[in-house]
file start-v9.cif (mmCIF, C-alpha atoms and all ligand atoms)
data_work
#
loop_
_atom_site.label_atom_id
_atom_site.label_comp_id
_atom_site.auth_asym_id
_atom_site.auth_seq_id
_atom_site.Cartn_x
_atom_site.Cartn_y
_atom_site.Cartn_z
CA MET U 206 13.71 0.39 -20.08
CA SER U 207 14.26 -3.23 -19.04
CA LYS U 208 11.44 -5.37 -17.68
CA ARG U 209 11.82 -7.89 -14.90
CA LYS U 210 9.76 -10.87 -13.84
CA GLU U 211 8.43 -10.63 -10.28
CA VAL U 212 7.53 -13.43 -7.91
CA GLY U 213 3.78 -14.09 -7.89
CA SER U 214 1.26 -14.61 -10.63
CA SER U 215 0.59 -11.84 -13.09
CA ALA U 216 -2.94 -11.27 -11.83
CA ARG U 217 -1.75 -10.48 -8.32
CA THR U 218 0.80 -7.86 -9.29
CA LEU U 219 -1.46 -6.42 -11.95
CA GLY U 220 -4.27 -6.04 -9.41
CA LYS U 221 -1.96 -4.36 -6.90
CA HIS U 222 -0.82 -1.80 -9.44
CA ILE U 223 -4.32 -1.15 -10.82
CA LEU U 224 -5.50 -0.50 -7.25
CA LEU U 225 -2.67 1.95 -6.54
CA ASP U 226 -3.28 3.71 -9.86
CA LYS U 227 -7.01 4.09 -9.17
CA ILE U 228 -6.48 5.43 -5.65
CA VAL U 229 -3.74 7.91 -6.62
CA GLY U 230 -5.87 9.06 -9.55
CA ARG U 231 -8.95 9.74 -7.45
CA GLU U 232 -7.11 11.41 -4.60
CA SER U 233 -5.07 13.65 -6.88
CA GLY U 234 -8.32 14.76 -8.53
CA VAL U 235 -9.98 15.48 -5.19
CA SER U 236 -6.97 17.33 -3.81
CA TYR U 237 -6.97 19.46 -6.97
CA VAL U 238 -10.66 20.31 -6.54
CA LYS U 239 -10.28 21.03 -2.81
CA GLY U 240 -7.09 23.01 -3.33
CA TRP U 241 -5.17 20.79 -0.93
CA PRO U 242 -1.61 19.97 -1.98
CA MET U 243 -1.03 16.24 -1.73
CA ALA U 244 2.05 14.10 -1.14
CA VAL U 245 2.22 10.51 -2.38
CA ILE U 246 4.69 8.54 -0.29
CA ASP U 247 5.99 5.18 -1.48
CA LEU U 248 7.50 3.68 1.68
CA THR U 249 8.81 0.49 0.07
CA ALA U 250 9.48 1.61 -3.46
CA GLY U 251 11.77 -1.01 -5.00
CA ASP U 252 13.78 -0.23 -8.12
CA GLY U 253 11.02 1.19 -10.33
CA ILE U 254 11.76 -1.27 -13.16
CA PRO U 255 8.44 -2.24 -14.81
CA THR U 256 7.36 -5.76 -13.91
CA MET U 257 6.45 -8.28 -16.60
CA GLU U 258 3.14 -8.85 -14.84
CA SER U 259 1.76 -5.33 -14.88
CA GLY U 260 4.12 -3.47 -17.22
CA THR U 261 4.71 -0.94 -14.48
CA ALA U 262 5.94 -0.45 -10.90
CA SER U 263 4.63 1.66 -8.04
CA PRO U 264 7.10 4.57 -8.48
CA LEU U 265 6.22 4.72 -12.20
CA ILE U 266 2.51 4.87 -11.42
CA ILE U 267 3.18 7.78 -9.06
CA GLN U 268 5.39 9.46 -11.66
CA LYS U 269 2.57 9.14 -14.24
CA HIS U 270 0.23 11.07 -11.95
CA LEU U 271 2.89 13.67 -11.15
CA ASP U 272 3.28 14.25 -14.88
CA HIS U 273 -0.46 14.80 -15.40
CA PRO U 274 -0.81 18.30 -16.85
CA LYS U 275 -3.86 19.28 -14.76
CA PHE U 276 -3.56 17.36 -11.47
CA GLY U 277 0.21 16.82 -11.36
CA PRO U 278 1.15 20.34 -10.28
CA HIS U 279 -0.84 19.79 -7.03
CA LEU U 280 1.09 16.64 -6.24
CA SER U 281 4.47 15.91 -4.76
CA ALA U 282 6.03 12.50 -4.23
CA LEU U 283 8.69 10.82 -2.19
CA ALA U 284 10.03 7.28 -2.31
CA VAL U 285 11.91 5.30 0.32
CA GLU U 286 14.02 2.25 -0.43
CA ARG U 287 16.28 0.66 2.11
CA HIS U 288 18.75 -1.08 -0.22
CA PRO U 289 21.21 1.52 -1.54
CA ALA U 290 21.82 -0.24 -4.88
CA VAL U 291 18.08 -0.59 -5.47
CA ALA U 292 17.53 3.07 -4.55
CA ASP U 293 20.21 4.07 -7.06
CA VAL U 294 18.40 2.19 -9.84
CA LEU U 295 15.15 3.87 -8.80
CA ARG U 296 16.69 7.34 -9.05
CA GLU U 297 17.23 6.66 -12.75
CA GLN U 298 13.50 5.91 -13.23
CA VAL U 299 11.78 8.84 -11.49
CA THR U 300 12.14 12.60 -11.13
CA PHE U 301 10.98 12.81 -7.49
CA PRO U 302 13.25 12.39 -4.44
CA VAL U 303 14.29 8.93 -3.29
CA ILE U 304 15.46 8.43 0.30
CA THR U 305 17.82 5.55 0.94
CA GLY U 306 16.93 4.12 4.33
CA ASP U 307 14.43 2.22 6.40
CA ALA U 308 11.04 3.94 6.29
CA ARG U 309 10.53 3.16 10.00
CA SER U 310 13.69 4.85 11.24
CA PRO U 311 13.09 8.14 13.11
CA GLU U 312 15.34 10.10 10.72
CA VAL U 313 13.47 8.87 7.65
CA VAL U 314 10.07 9.38 9.30
CA GLN U 315 11.09 12.95 10.08
CA ARG U 316 12.06 13.56 6.45
CA ILE U 317 8.80 12.05 5.20
CA VAL U 318 6.71 14.13 7.60
CA GLY U 319 8.66 17.22 6.49
CA ALA U 320 7.77 16.44 2.87
CA ILE U 321 4.01 16.52 3.51
CA PRO U 322 2.80 20.01 2.63
CA PRO U 323 1.40 22.08 5.54
CA LYS U 324 -2.43 21.97 5.39
CA GLY U 325 -2.04 19.26 2.78
CA CYS U 326 -2.87 15.58 2.67
CA ALA U 327 -0.95 12.38 2.07
CA LEU U 328 -1.44 9.00 0.49
CA ILE U 329 0.95 6.41 1.88
CA TYR U 330 1.69 3.22 -0.02
CA ASN U 331 3.24 0.41 2.00
CA ASP U 332 4.16 -2.71 0.06
CA PRO U 333 6.57 -4.79 2.13
CA ASN U 334 7.93 -8.16 1.08
CA ALA U 335 7.39 -9.61 4.54
CA ILE U 336 5.87 -8.84 7.91
CA SER U 337 9.27 -7.84 9.27
CA GLU U 338 9.32 -4.99 6.73
CA PHE U 339 5.89 -3.48 7.42
CA ALA U 340 6.70 0.22 7.28
CA LEU U 341 3.63 2.15 8.49
CA THR U 342 4.25 3.83 11.85
CA PRO U 343 1.96 5.92 14.10
CA ASP U 344 4.03 9.06 13.44
CA LEU U 345 3.40 8.74 9.73
CA LEU U 346 -0.28 7.94 10.13
CA THR U 347 -0.85 11.07 12.17
CA ALA U 348 1.42 13.38 10.18
CA ALA U 349 -1.37 14.92 8.09
CA PRO U 350 -5.08 15.18 8.90
CA HIS U 351 -6.32 13.50 5.73
CA THR U 352 -3.79 10.68 5.40
CA THR U 353 -5.01 7.66 3.45
CA THR U 354 -3.14 4.38 3.15
CA LEU U 355 -2.78 1.31 0.97
CA SER U 356 -0.83 -1.61 2.44
CA THR U 357 -0.17 -5.06 1.07
CA LEU U 358 -0.37 -7.75 3.75
CA GLY U 359 1.32 -11.06 4.00
CA CYS U 360 2.32 -11.25 0.37
CA ASN U 361 4.80 -13.94 1.19
CA PRO U 362 5.61 -15.79 -2.05
CA SER U 363 5.82 -19.13 -0.27
CA GLY U 364 2.59 -18.60 1.64
CA LEU U 365 1.83 -16.82 4.88
CA LYS U 366 0.81 -20.01 6.68
CA ARG U 367 4.33 -21.37 6.42
CA LEU U 368 5.48 -18.73 8.90
CA GLU U 369 5.63 -19.47 12.62
CA ARG U 370 2.46 -18.64 14.58
CA ASP U 371 4.17 -15.82 16.54
CA VAL U 372 5.27 -14.19 13.29
CA ARG U 373 1.81 -14.50 11.76
CA LEU U 374 0.20 -13.00 14.83
CA GLY U 375 2.34 -9.89 14.31
CA TRP U 376 0.04 -8.97 11.39
CA TYR U 377 -2.77 -8.26 13.86
CA ALA U 378 -0.53 -5.66 15.52
CA HIS U 379 0.11 -4.00 12.15
CA ILE U 380 -3.60 -3.86 11.38
CA GLU U 381 -4.18 -2.36 14.81
CA THR U 382 -1.57 0.33 14.14
CA VAL U 383 -3.76 1.48 11.26
CA THR U 384 -7.15 1.08 12.98
CA ARG U 385 -5.99 2.81 16.19
CA HIS U 386 -4.95 5.93 14.30
CA LEU U 387 -7.91 6.04 11.97
CA PRO U 388 -9.49 9.51 11.74
CA ARG U 389 -13.11 9.57 12.96
CA TYR U 390 -14.48 10.04 9.45
CA HIS U 391 -12.30 7.32 7.85
CA ASP U 392 -12.83 3.57 7.56
CA VAL U 393 -10.48 0.71 6.77
CA ALA U 394 -11.09 -2.22 4.44
CA LEU U 395 -9.48 -5.63 4.59
CA VAL U 396 -9.48 -7.34 1.20
CA ARG U 397 -8.25 -10.84 0.42
CA LEU U 398 -7.96 -12.78 -2.80
CA GLU U 399 -9.96 -16.02 -2.72
CA LYS U 400 -8.22 -19.38 -3.16
CA ASP U 401 -4.79 -17.78 -3.36
CA ASP U 402 -1.87 -20.01 -2.29
CA ALA U 403 0.19 -16.94 -1.43
CA GLN U 404 -2.81 -15.31 0.31
CA TRP U 405 -2.40 -11.79 -0.99
CA ALA U 406 -4.42 -9.27 0.93
CA TYR U 407 -4.73 -5.51 1.26
CA LEU U 408 -5.48 -3.00 3.97
CA VAL U 409 -6.94 0.25 2.65
CA SER U 410 -7.89 3.28 4.74
CA GLY U 411 -9.66 6.42 3.61
CA PRO U 412 -12.81 8.53 3.97
CA GLN U 413 -15.97 6.58 4.79
CA LYS U 414 -17.87 8.53 2.16
CA TRP U 415 -15.61 7.00 -0.51
CA ARG U 416 -16.36 3.40 0.47
CA ASP U 417 -18.38 2.83 -2.71
CA ARG U 418 -15.58 4.23 -4.82
CA TYR U 419 -13.01 2.01 -3.14
CA ASP U 420 -15.34 -0.94 -3.70
CA CYS U 421 -15.35 -0.07 -7.43
CA ASP U 422 -11.54 0.15 -7.32
CA PHE U 423 -11.36 -3.34 -5.81
CA ALA U 424 -13.67 -4.67 -8.54
CA SER U 425 -11.46 -3.14 -11.25
CA ALA U 426 -8.21 -4.23 -9.66
CA PHE U 427 -9.17 -7.82 -8.97
CA ARG U 428 -11.20 -8.61 -12.09
CA HIS U 429 -8.10 -10.41 -13.38
CA TRP U 430 -8.26 -12.77 -10.38
CA PRO U 431 -11.04 -15.13 -11.53
CA LYS U 432 -11.33 -16.90 -8.17
CA GLY U 433 -12.82 -13.77 -6.62
CA TYR U 434 -12.04 -11.70 -3.56
CA GLU U 435 -13.60 -10.85 -0.24
CA VAL U 436 -13.77 -7.42 1.40
CA ALA U 437 -15.02 -6.12 4.76
CA TRP U 438 -15.05 -2.56 6.10
CA LEU U 439 -14.21 -2.31 9.79
CA ARG U 440 -16.85 0.24 10.82
CA LEU U 441 -19.59 -1.42 8.74
CA ASP U 442 -18.83 -5.05 9.46
CA ARG U 443 -16.45 -5.61 12.39
CA LYS U 444 -17.22 -9.35 12.47
CA GLY U 445 -16.52 -9.77 8.77
CA PHE U 446 -13.30 -7.77 9.13
CA ASP U 447 -12.10 -9.95 12.03
CA ARG U 448 -13.13 -13.11 10.19
CA ILE U 449 -10.98 -12.19 7.19
CA ALA U 450 -8.03 -11.42 9.48
CA ASP U 451 -8.40 -14.78 11.24
CA TYR U 452 -8.68 -16.57 7.90
CA LEU U 453 -5.48 -14.89 6.71
CA PHE U 454 -3.32 -15.14 9.80
CA LEU U 455 -4.42 -18.35 11.51
CA THR U 456 -4.15 -21.93 10.27
CA ALA U 457 -7.45 -23.79 9.78
CA LYS U 458 -6.77 -25.67 13.03
CA GLU U 459 -6.05 -22.49 15.02
CA ASN U 460 -9.11 -20.81 13.53
CA THR U 461 -11.51 -23.49 14.73
CA ALA U 462 -9.93 -23.84 18.20
C1 LIG A 1 7.51 -5.58 -2.81
S1 LIG A 1 8.92 -4.63 -3.15
C2 LIG A 1 8.31 -3.14 -3.80
C3 LIG A 1 7.51 -3.22 -5.06
C4 LIG A 1 6.99 -1.86 -5.46
N1 LIG A 1 6.35 -1.20 -4.33
C5 LIG A 1 5.97 -1.96 -6.56
O1 LIG A 1 4.77 -2.12 -6.28
O2 LIG A 1 6.34 -1.84 -7.74
C6 LIG A 1 9.46 -4.09 -1.56
C7 LIG A 1 10.66 -3.15 -1.60
O3 LIG A 1 10.64 -2.40 -0.41
C8 LIG A 1 11.92 -2.35 0.19
N2 LIG A 1 11.67 -2.26 1.63
C9 LIG A 1 11.14 -3.20 2.43
N3 LIG A 1 10.98 -2.75 3.67
C10 LIG A 1 11.40 -1.48 3.68
C11 LIG A 1 11.43 -0.48 4.68
N4 LIG A 1 11.03 -0.74 5.95
N5 LIG A 1 11.90 0.73 4.35
C12 LIG A 1 12.30 0.99 3.08
N6 LIG A 1 12.30 0.08 2.08
C13 LIG A 1 11.83 -1.14 2.38
C14 LIG A 1 12.59 -3.66 -0.22
O4 LIG A 1 14.00 -3.51 -0.22
C15 LIG A 1 12.01 -3.87 -1.62
O5 LIG A 1 12.83 -3.26 -2.60
#
call {"tool": "encode", "arguments": {"input": "start-v9.cif", "output": "structure tokens"}}
result
Amino acid sequence: MSKRKEVGSSARTLGKHILLDKIVGRESGVSYVKGWPMAVIDLTAGDGIPTMESGTASPLIIQKHLDHPKFGPHLSALAVERHPAVADVLREQVTFPVITGDARSPEVVQRIVGAIPPKGCALIYNDPNAISEFALTPDLLTAAPHTTTLSTLGCNPSGLKRLERDVRLGWYAHIETVTRHLPRYHDVALVRLEKDDAQWAYLVSGPQKWRDRYDCDFASAFRHWPKGYEVAWLRLDRKGFDRIADYLFLTAKENTA
């Protein structure tokens, strides 16, 4: 299998993939114990070629869990990739279905919702290249009662702050899409890497009772980022959550105005 170099430092991509791996691993174990079938949906899958930085790619991480002899049989997976040529490459890398299309289009949303097992749960991974590609929609978030999400935010290789203010402000709307549809017993964390020129950040939603476990996941994922990271949970620390969002999406001048 060929390996390809991805934009961004190795620590960023490695952290992203460690985080996804940890979350899929825990949720597949829990769904096994609870007897709930679980669907892992990769909304922005890419080509599945392992990156130089992490030695893997999100569809391959999902495939690894599907192949697990104990937990795998409880899992199903689905990938979406909007570029047909990229989707074709991905089909060579994984055994689960790959939809060619935009994950936000009603037809694709309908197919994704149809792939979530009745009385099951879903983990949705949303890793867009830019704000214009953010693929989480209300229909998806409400498709299954126990839906959890992992989104990458603003991972613009040239730096989020270089975007126009109106474009940057659109990230608040995306965060609100997730917070507005949060189940009562879930919380959402905003995590940002410290002193990162490209300002990588993550939005993670899941059961409140797993906050400590997610916090351990963040520690594992970002230990390769020596400058540190900051995290705030919305229901525990609304001010901290808003402060991180403002830090990410506003310029220093806008933030002090
Ligand atoms: C950052 S890359 C994916 C990397 C991959 N998730 C990983 O972690 O290994 C984003 C990919 O998502 C695709 N994409 C972006 N927006 C999309 C959308 N709304 N629907 C489907 N695919 C999308 C892009 O074409 C690109 O291949």
call {"tool": "closest_atom_pairs", "arguments": {"input": "start-v9.cif", "of": "chain U", "to": "ligand LIG 1 (chain A)", "cutoff": "8 Å", "atoms": "only C-alpha atoms and all ligand atoms", "output": "tab-separated table"}}
result
residue	atom	partner	partner_atom	distance
U:Thr218	CA	A:LIG1	O1	7.6
U:Lys221	CA	A:LIG1	O1	7.1
U:His222	CA	A:LIG1	O1	6.4
U:Asp247	CA	A:LIG1	N1	7.0
U:Leu248	CA	A:LIG1	C12	5.7
U:Thr249	CA	A:LIG1	O3	3.5
U:Ala250	CA	A:LIG1	N1	4.3
U:Gly251	CA	A:LIG1	O5	3.5
U:Asp252	CA	A:LIG1	O5	6.4
U:Gly253	CA	A:LIG1	O2	6.1
U:Ile254	CA	A:LIG1	O2	7.7
U:Pro255	CA	A:LIG1	O2	7.4
U:Thr256	CA	A:LIG1	O2	7.4
U:Thr261	CA	A:LIG1	O2	7.0
U:Ala262	CA	A:LIG1	O2	3.5
U:Ser263	CA	A:LIG1	O2	3.9
U:Pro264	CA	A:LIG1	O2	6.5
U:Leu265	CA	A:LIG1	O2	7.9
U:Val285	CA	A:LIG1	C12	5.1
U:Glu286	CA	A:LIG1	N6	3.7
U:Arg287	CA	A:LIG1	N6	4.0
U:His288	CA	A:LIG1	O4	5.3
U:Val291	CA	A:LIG1	O5	6.6
U:Thr305	CA	A:LIG1	C12	7.5
U:Gly306	CA	A:LIG1	C12	5.7
U:Asp307	CA	A:LIG1	N5	3.6
U:Ala308	CA	A:LIG1	N5	3.8
U:Arg309	CA	A:LIG1	N4	5.6
U:Tyr330	CA	A:LIG1	N1	7.7
U:Asn331	CA	A:LIG1	N1	7.2
U:Asp332	CA	A:LIG1	N1	5.1
U:Pro333	CA	A:LIG1	C6	4.7
U:Asn334	CA	A:LIG1	C1	4.7
U:Ala335	CA	A:LIG1	C9	7.7
U:Ser337	CA	A:LIG1	N3	7.8
U:Glu338	CA	A:LIG1	N3	4.1
U:Phe339	CA	A:LIG1	N4	6.0
U:Ala340	CA	A:LIG1	N4	4.6
call {"tool": "residues_around", "arguments": {"input": "start-v9.cif", "residues": "range 414-417 of chain U", "least_positions_apart": "6", "cutoff": "9 Å", "atoms": "only C-alpha atoms", "output": "list in words"}}
result
Tyr390, His391, Asp392, Ala394 and Trp438 of chain U
call {"tool": "closest_residue", "arguments": {"input": "start-v9.cif", "among": "U:Gln413, U:Tyr377, U:His386, U:Ala327", "to": "Ala450 in chain U", "atoms": "only C-alpha atoms"}}
result
U:Tyr377
call {"tool": "closest_residue", "arguments": {"input": "start-v9.cif", "among": "U:Gly220, U:Pro302, U:Pro322, U:Gly230", "to": "Arg418 in chain U", "atoms": "all atoms listed in the file"}}
result
U:Gly230
call {"tool": "residues_around", "arguments": {"input": "start-v9.cif", "residues": "Arg217 in chain U", "least_positions_apart": "6", "cutoff": "9 Å", "atoms": "only C-alpha atoms", "output": "PDB file with C-alpha atoms, in the frame of the given file"}}
result
ATOM      1  CA  GLU U 258       3.140  -8.850 -14.840  1.00  0.00           C
ATOM      2  CA  LEU U 398      -7.960 -12.780  -2.800  1.00  0.00           C
ATOM      3  CA  TRP U 405      -2.400 -11.790  -0.990  1.00  0.00           C
ATOM      4  CA  PHE U 427      -9.170  -7.820  -8.970  1.00  0.00           C
ATOM      5  CA  HIS U 429      -8.100 -10.410 -13.380  1.00  0.00           C
ATOM      6  CA  TRP U 430      -8.260 -12.770 -10.380  1.00  0.00           C
TER       7      TRP U 430
END
call {"tool": "closest_residue", "arguments": {"input": "start-v9.cif", "among": "U:Cys421, U:Ile317, U:Leu374, U:Leu453", "to": "Asp402 in chain U", "atoms": "all atoms listed in the file"}}
result
U:Leu453
call {"tool": "closest_residue", "arguments": {"input": "start-v9.cif", "among": "U:Arg316, U:Arg443, U:Gly433, U:Gly260", "to": "Ala284 in chain U", "atoms": "only C-alpha atoms"}}
result
U:Arg316
call {"tool": "atom_distance", "arguments": {"input": "start-v9.cif", "atom1": "CA of Arg385 in chain U", "atom2": "CA of Asp401 in chain U"}}
result
28.4 Å
call {"tool": "closest_residue", "arguments": {"input": "start-v9.cif", "among": "U:Gln315, U:Leu341, U:Val409, U:Thr347", "to": "Ala378 in chain U", "atoms": "all atoms listed in the file"}}
result
U:Leu341
call {"tool": "closest_residue", "arguments": {"input": "start-v9.cif", "among": "U:Ile246, U:Leu355, U:Leu280, U:Ile266", "to": "Val314 in chain U", "atoms": "only C-alpha atoms"}}
result
U:Ile246
call {"tool": "atom_distance", "arguments": {"input": "start-v9.cif", "atom1": "CA of Arg397 in chain U", "atom2": "CA of Leu441 in chain U"}}
result
16.9 Å
